[in-house]
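Text of data-v2.txt, listed as compact mmCIF, C-alpha atoms:
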```
# COMPACT_ATOMS: atom_id res chain seq x y z
CA MET A 1 152.03 131.68 97.97
CA ASN A 2 150.45 129.86 95.05
CA VAL A 3 152.54 127.81 92.60
CA CYS A 4 152.54 130.52 89.91
CA GLU A 5 153.83 133.15 92.34
CA TYR A 6 156.39 130.64 93.61
CA VAL A 7 157.72 130.04 90.07
CA LYS A 8 157.78 133.78 89.37
CA GLU A 9 159.75 134.42 92.54
CA LYS A 10 162.22 131.59 91.91
CA HIS A 11 162.94 132.78 88.34
CA LYS A 12 163.09 136.45 89.37
CA GLY A 13 165.82 138.30 87.47
CA GLN A 14 166.19 135.58 84.82
CA PHE A 15 165.47 136.31 81.15
CA ARG A 16 165.06 134.34 77.92
CA LYS A 17 167.33 134.90 74.90
CA GLN A 18 164.81 137.34 73.41
CA GLY A 19 164.72 139.35 76.65
CA THR A 20 161.38 138.23 78.09
CA PRO A 21 161.12 137.30 81.79
CA TYR A 22 162.10 133.64 82.17
CA TYR A 23 159.04 132.65 84.20
CA LEU A 24 156.89 133.14 81.09
CA HIS A 25 158.48 129.97 79.67
CA PRO A 26 157.32 127.57 82.41
CA PHE A 27 153.93 129.30 82.34
CA ALA A 28 153.75 128.58 78.58
CA VAL A 29 154.83 124.96 79.08
CA SER A 30 152.10 124.52 81.71
CA LYS A 31 149.51 126.07 79.36
CA ILE A 32 150.54 123.75 76.52
CA LEU A 33 150.00 120.79 78.84
CA LYS A 34 146.60 122.16 79.88
CA ASP A 35 145.61 122.76 76.25
CA LYS A 36 146.57 119.15 75.44
CA GLY A 37 144.23 117.92 78.17
CA PHE A 38 146.72 117.01 80.89
CA ASP A 39 145.63 117.28 84.51
CA THR A 40 146.77 119.73 87.18
CA GLU A 41 149.71 117.58 88.30
CA TYR A 42 151.17 117.63 84.78
CA GLN A 43 150.58 121.38 84.59
CA ILE A 44 152.37 121.95 87.90
CA ALA A 45 155.26 119.75 86.73
CA GLY A 46 155.39 121.98 83.64
CA LEU A 47 155.56 125.07 85.85
CA PHE A 48 158.33 123.52 87.95
CA HIS A 49 160.32 121.82 85.17
CA ASP A 50 163.31 124.21 85.24
CA LEU A 51 163.46 124.92 88.98
CA LEU A 52 166.12 122.34 89.87
CA GLU A 53 168.29 123.20 86.88
CA ASP A 54 168.04 126.99 86.91
CA THR A 55 167.32 128.09 90.49
CA ASP A 56 168.29 127.27 94.07
CA THR A 57 165.15 125.17 94.53
CA SER A 58 165.66 121.70 96.00
CA TYR A 59 163.91 118.44 95.19
CA GLU A 60 162.52 118.45 98.73
CA GLU A 61 160.97 121.91 98.28
CA ILE A 62 159.23 120.78 95.09
CA ARG A 63 158.03 117.59 96.79
CA ASP A 64 156.78 119.51 99.83
CA ILE A 65 154.77 122.09 97.85
CA SER A 66 153.45 119.53 95.35
CA ASN A 67 154.06 115.79 95.69
CA ARG A 68 156.63 113.07 95.03
CA ARG A 69 155.26 112.25 91.55
CA ILE A 70 155.71 115.85 90.38
CA ALA A 71 159.11 116.20 92.10
CA ASP A 72 160.30 112.94 90.51
CA SER A 73 159.28 114.07 87.02
CA VAL A 74 161.04 117.42 87.52
CA LEU A 75 164.14 115.55 88.65
CA LEU A 76 164.02 113.39 85.53
CA VAL A 77 163.92 116.39 83.16
CA THR A 78 166.76 118.11 85.02
CA LYS A 79 170.13 117.86 83.28
CA GLU A 80 172.79 116.97 85.80
CA PRO A 81 176.50 117.72 85.42
CA GLY A 82 178.15 115.14 83.17
CA TYR A 83 174.86 113.72 81.88
CA THR A 84 174.75 111.74 78.65
CA LYS A 85 171.92 112.38 76.23
CA LYS A 86 171.23 108.68 75.77
CA LYS A 87 170.67 108.13 79.51
CA TYR A 88 168.86 111.46 79.93
CA TYR A 89 166.30 110.87 77.17
CA GLY A 90 166.07 107.16 78.04
CA ARG A 91 164.96 107.89 81.59
CA ILE A 92 162.51 110.58 80.46
CA LYS A 93 160.92 108.19 77.98
CA LYS A 94 160.12 105.75 80.81
CA ASN A 95 158.12 108.28 82.85
CA HIS A 96 154.92 109.54 81.22
CA MET A 97 154.74 112.83 83.13
CA ALA A 98 158.41 113.67 82.53
CA ARG A 99 158.04 112.77 78.85
CA MET A 100 154.98 114.99 78.34
CA VAL A 101 156.59 117.88 80.23
CA LYS A 102 159.81 117.57 78.19
CA LEU A 103 157.81 117.51 74.93
CA ALA A 104 155.79 120.58 75.95
CA ASP A 105 159.07 122.27 76.90
CA ARG A 106 160.62 121.43 73.52
CA LEU A 107 157.51 122.57 71.67
CA HIS A 108 157.63 125.96 73.36
CA ASN A 109 161.39 126.26 72.88
CA LEU A 110 161.06 125.39 69.20
CA SER A 111 158.47 128.13 68.77
CA GLU A 112 160.91 130.65 70.25
CA ALA A 113 164.11 129.36 68.61
CA HIS A 114 163.30 131.63 65.64
CA PHE A 115 164.67 134.48 67.79
CA ALA A 116 168.01 132.77 68.40
CA ASP A 117 171.19 132.99 66.34
CA ARG A 118 172.01 130.55 63.53
CA ASP A 119 174.35 128.41 65.63
CA PHE A 120 171.67 127.87 68.27
CA GLN A 121 169.05 127.13 65.58
CA ARG A 122 171.31 124.58 63.89
CA LYS A 123 172.02 122.87 67.25
CA TYR A 124 168.32 122.88 68.13
CA ILE A 125 167.27 121.41 64.78
CA LYS A 126 169.86 118.63 65.09
CA GLU A 127 168.95 117.83 68.70
CA THR A 128 165.23 117.80 67.91
CA GLU A 129 165.74 115.44 64.97
CA GLU A 130 168.09 113.21 66.94
CA TRP A 131 166.09 112.89 70.18
CA PHE A 132 162.66 114.49 70.11
CA ILE A 133 161.12 112.95 67.00
CA ASP A 134 161.46 109.55 68.69
CA LEU A 135 160.41 110.91 72.11
CA ALA A 136 157.25 112.43 70.58
CA GLU A 137 156.32 109.39 68.49
CA GLY A 138 152.81 108.19 69.28
CA THR A 139 152.05 111.11 71.61
CA VAL A 140 149.77 114.14 71.34
CA PHE A 141 152.92 116.16 70.62
CA GLU A 142 154.14 114.22 67.59
CA LYS A 143 152.55 116.42 64.90
CA ASP A 144 153.21 119.70 66.74
CA ILE A 145 156.92 118.94 67.25
CA GLN A 146 157.26 118.04 63.57
CA THR A 147 155.43 121.21 62.47
CA GLN A 148 157.52 123.49 64.71
CA LEU A 149 160.72 121.75 63.58
CA GLU A 150 159.85 122.33 59.91
CA SER A 151 159.05 125.97 60.68
CA LEU A 152 162.41 126.43 62.41
CA LYS A 153 164.18 124.81 59.45
CA GLU A 154 162.53 127.35 57.15
CA THR A 155 163.65 130.21 59.39
CA TYR A 156 167.15 128.75 59.45
CA LYS A 157 167.28 128.49 55.65
CA LYS A 158 166.12 132.07 55.23
CA SER A 159 168.74 133.42 57.58
CA THR A 160 171.77 132.85 55.35
CA PRO A 161 173.85 135.99 54.76
CA GLU A 162 172.98 135.98 51.06
CA GLU A 163 169.23 135.91 51.68
CA ARG A 164 169.43 138.58 54.37
CA GLU A 165 171.02 140.91 51.80
CA LEU A 166 167.99 140.36 49.53
CA ASP A 167 165.51 141.47 52.22
```
Could you quickly redo this structure as structure tokens?
Amino acid sequence: MNVCEYVKEKHKGQFRKQGTPYYLHPFAVSKILKDKGFDTEYQIAGLFHDLLEDTDTSYEEIRDISNRRIADSVLLVTKEPGYTKKKYYGRIKKNHMARMVKLADRLHNLSEAHFADRDFQRKYIKETEEWFIDLAEGTVFEKDIQTQLESLKETYKKSTPEERELD
């Protein structure tokens, strides 16, 4: 089984907030990394980035079908029970592959946050400003994250009850 089929199988039955099959998200993250010029290892890490957090996949499985470098970066972007954001983003920032995967993940999530409810959008805007502007600084994602954040802010502003009545 190739890595794409593996990811599809592992995320089988999972869906995004807007109802699309979940596996399309890691595929999009991997494509963003490819489009930004990152090599195959980064792209595979993008495909695998949610496996530990959202499926029954183990670190050892990821390591065995890829390599330790990819498995380590996936482990770094995985939120563990009781994690603190400061430690979580601090460790990601120290690993180039994990950092690029997390930024590609955020970029894709920002582009789809327009479909979420206001509470989610507000939380996502705040979290992006608080953690991802710094994480993206000096990277190929800096401008894209900023652009998607501004776009989400516009969507958020337009979704007040008063403005919806005007539409």
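Ranking A:Ala136, A:Ala116, A:Val77, A:Leu51 by their shortest atom-to-atom distance to Lys8 (chain A), with all atoms listed in the file included, puts A:Leu51 first.
Selecting by distance to (162.3, 108.1, 81.2) with a limit of 12 Å and using only C-alpha atoms, one obtains Asp72, Ser73, Val74, Leu75, Leu76, Val77, Thr78, Lys85, Lys86, Lys87, Tyr88, Tyr89, Gly90, Arg91, Ile92, Lys93, Lys94, Asn95, His96, Met97, Ala98, Arg99, Met100, Val101, Lys102 and Leu135 of chain A.
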Could you name the residues that touch Gln14 (chain A) at 12 Å or less, counting all atoms listed in the file, but leaving out those on the same chain fewer than 3 positions away, as a CSV table (one decimal) with C-alpha atoms, in the coordinates of the input?
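Saved result, result-v3.csv, follows:
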```
chain,number,residue,atom,x,y,z
A,7,VAL,CA,157.7,130.0,90.1
A,8,LYS,CA,157.8,133.8,89.4
A,9,GLU,CA,159.8,134.4,92.5
A,10,LYS,CA,162.2,131.6,91.9
A,11,HIS,CA,162.9,132.8,88.3
A,17,LYS,CA,167.3,134.9,74.9
A,18,GLN,CA,164.8,137.3,73.4
A,19,GLY,CA,164.7,139.4,76.6
A,20,THR,CA,161.4,138.2,78.1
A,21,PRO,CA,161.1,137.3,81.8
A,22,TYR,CA,162.1,133.6,82.2
A,23,TYR,CA,159.0,132.6,84.2
A,24,LEU,CA,156.9,133.1,81.1
A,25,HIS,CA,158.5,130.0,79.7
A,50,ASP,CA,163.3,124.2,85.2
A,51,LEU,CA,163.5,124.9,89.0
A,54,ASP,CA,168.0,127.0,86.9
A,55,THR,CA,167.3,128.1,90.5
```
Counting all atoms listed in the file, which residues come within 12 Å of (153.0, 123.8, 78.5), with the point read in the file's coordinates, and could you list them as number ranges by chain?
A: 24-40, 42-49, 100-109, 111, 141
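Minimum atom-to-atom distances from A:Ser66, A:Tyr6, A:Gln148, A:Glu130 to Glu112 (chain A) were compared using only C-alpha atoms, and the lowest value belongs to A:Gln148.
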Distance in Å - CA of Ile65 (chain A) versus CA of Glu41 (chain A):
11.7 Å
Please fill the gaps in region 133-145 of chain A so it has N, CA, C and O atoms, and write that as a CSV table (one decimal), keeping the file's coordinate frame.
```csv
chain,number,residue,atom,x,y,z
A,133,ILE,N,162.1,113.6,67.9
A,133,ILE,CA,161.1,113.0,67.0
A,133,ILE,C,160.7,111.6,67.6
A,133,ILE,O,159.5,111.3,67.7
A,134,ASP,N,161.7,110.8,68.1
A,134,ASP,CA,161.5,109.6,68.7
A,134,ASP,C,160.7,109.7,70.0
A,134,ASP,O,159.7,109.0,70.2
A,135,LEU,N,161.1,110.7,70.8
A,135,LEU,CA,160.4,110.9,72.1
A,135,LEU,C,158.9,111.3,71.9
A,135,LEU,O,158.1,110.9,72.7
A,136,ALA,N,158.6,112.0,70.8
A,136,ALA,CA,157.2,112.4,70.6
A,136,ALA,C,156.4,111.4,69.8
A,136,ALA,O,155.2,111.5,69.8
A,137,GLU,N,157.1,110.4,69.3
A,137,GLU,CA,156.3,109.4,68.5
A,137,GLU,C,155.2,108.8,69.3
A,137,GLU,O,155.3,108.3,70.4
A,138,GLY,N,154.0,108.8,68.7
A,138,GLY,CA,152.8,108.2,69.3
A,138,GLY,C,152.2,109.0,70.4
A,138,GLY,O,151.3,108.5,71.1
A,139,THR,N,152.6,110.3,70.6
A,139,THR,CA,152.0,111.1,71.6
A,139,THR,C,151.2,112.2,71.0
A,139,THR,O,151.3,112.5,69.8
A,140,VAL,N,150.5,113.0,71.8
A,140,VAL,CA,149.8,114.1,71.3
A,140,VAL,C,150.7,115.3,70.8
A,140,VAL,O,150.2,116.2,70.2
A,141,PHE,N,152.0,115.1,71.1
A,141,PHE,CA,152.9,116.2,70.6
A,141,PHE,C,153.6,115.8,69.3
A,141,PHE,O,154.3,116.7,68.7
A,142,GLU,N,153.4,114.6,68.8
A,142,GLU,CA,154.1,114.2,67.6
A,142,GLU,C,154.0,115.2,66.4
A,142,GLU,O,155.0,115.7,65.9
A,143,LYS,N,152.8,115.5,66.1
A,143,LYS,CA,152.6,116.4,64.9
A,143,LYS,C,153.0,117.8,65.2
A,143,LYS,O,153.7,118.5,64.3
A,144,ASP,N,152.8,118.3,66.4
A,144,ASP,CA,153.2,119.7,66.7
A,144,ASP,C,154.7,119.9,66.7
A,144,ASP,O,155.2,120.9,66.3
A,145,ILE,N,155.4,118.9,67.2
A,145,ILE,CA,156.9,118.9,67.2
A,145,ILE,C,157.4,119.0,65.8
A,145,ILE,O,158.3,119.8,65.4
```
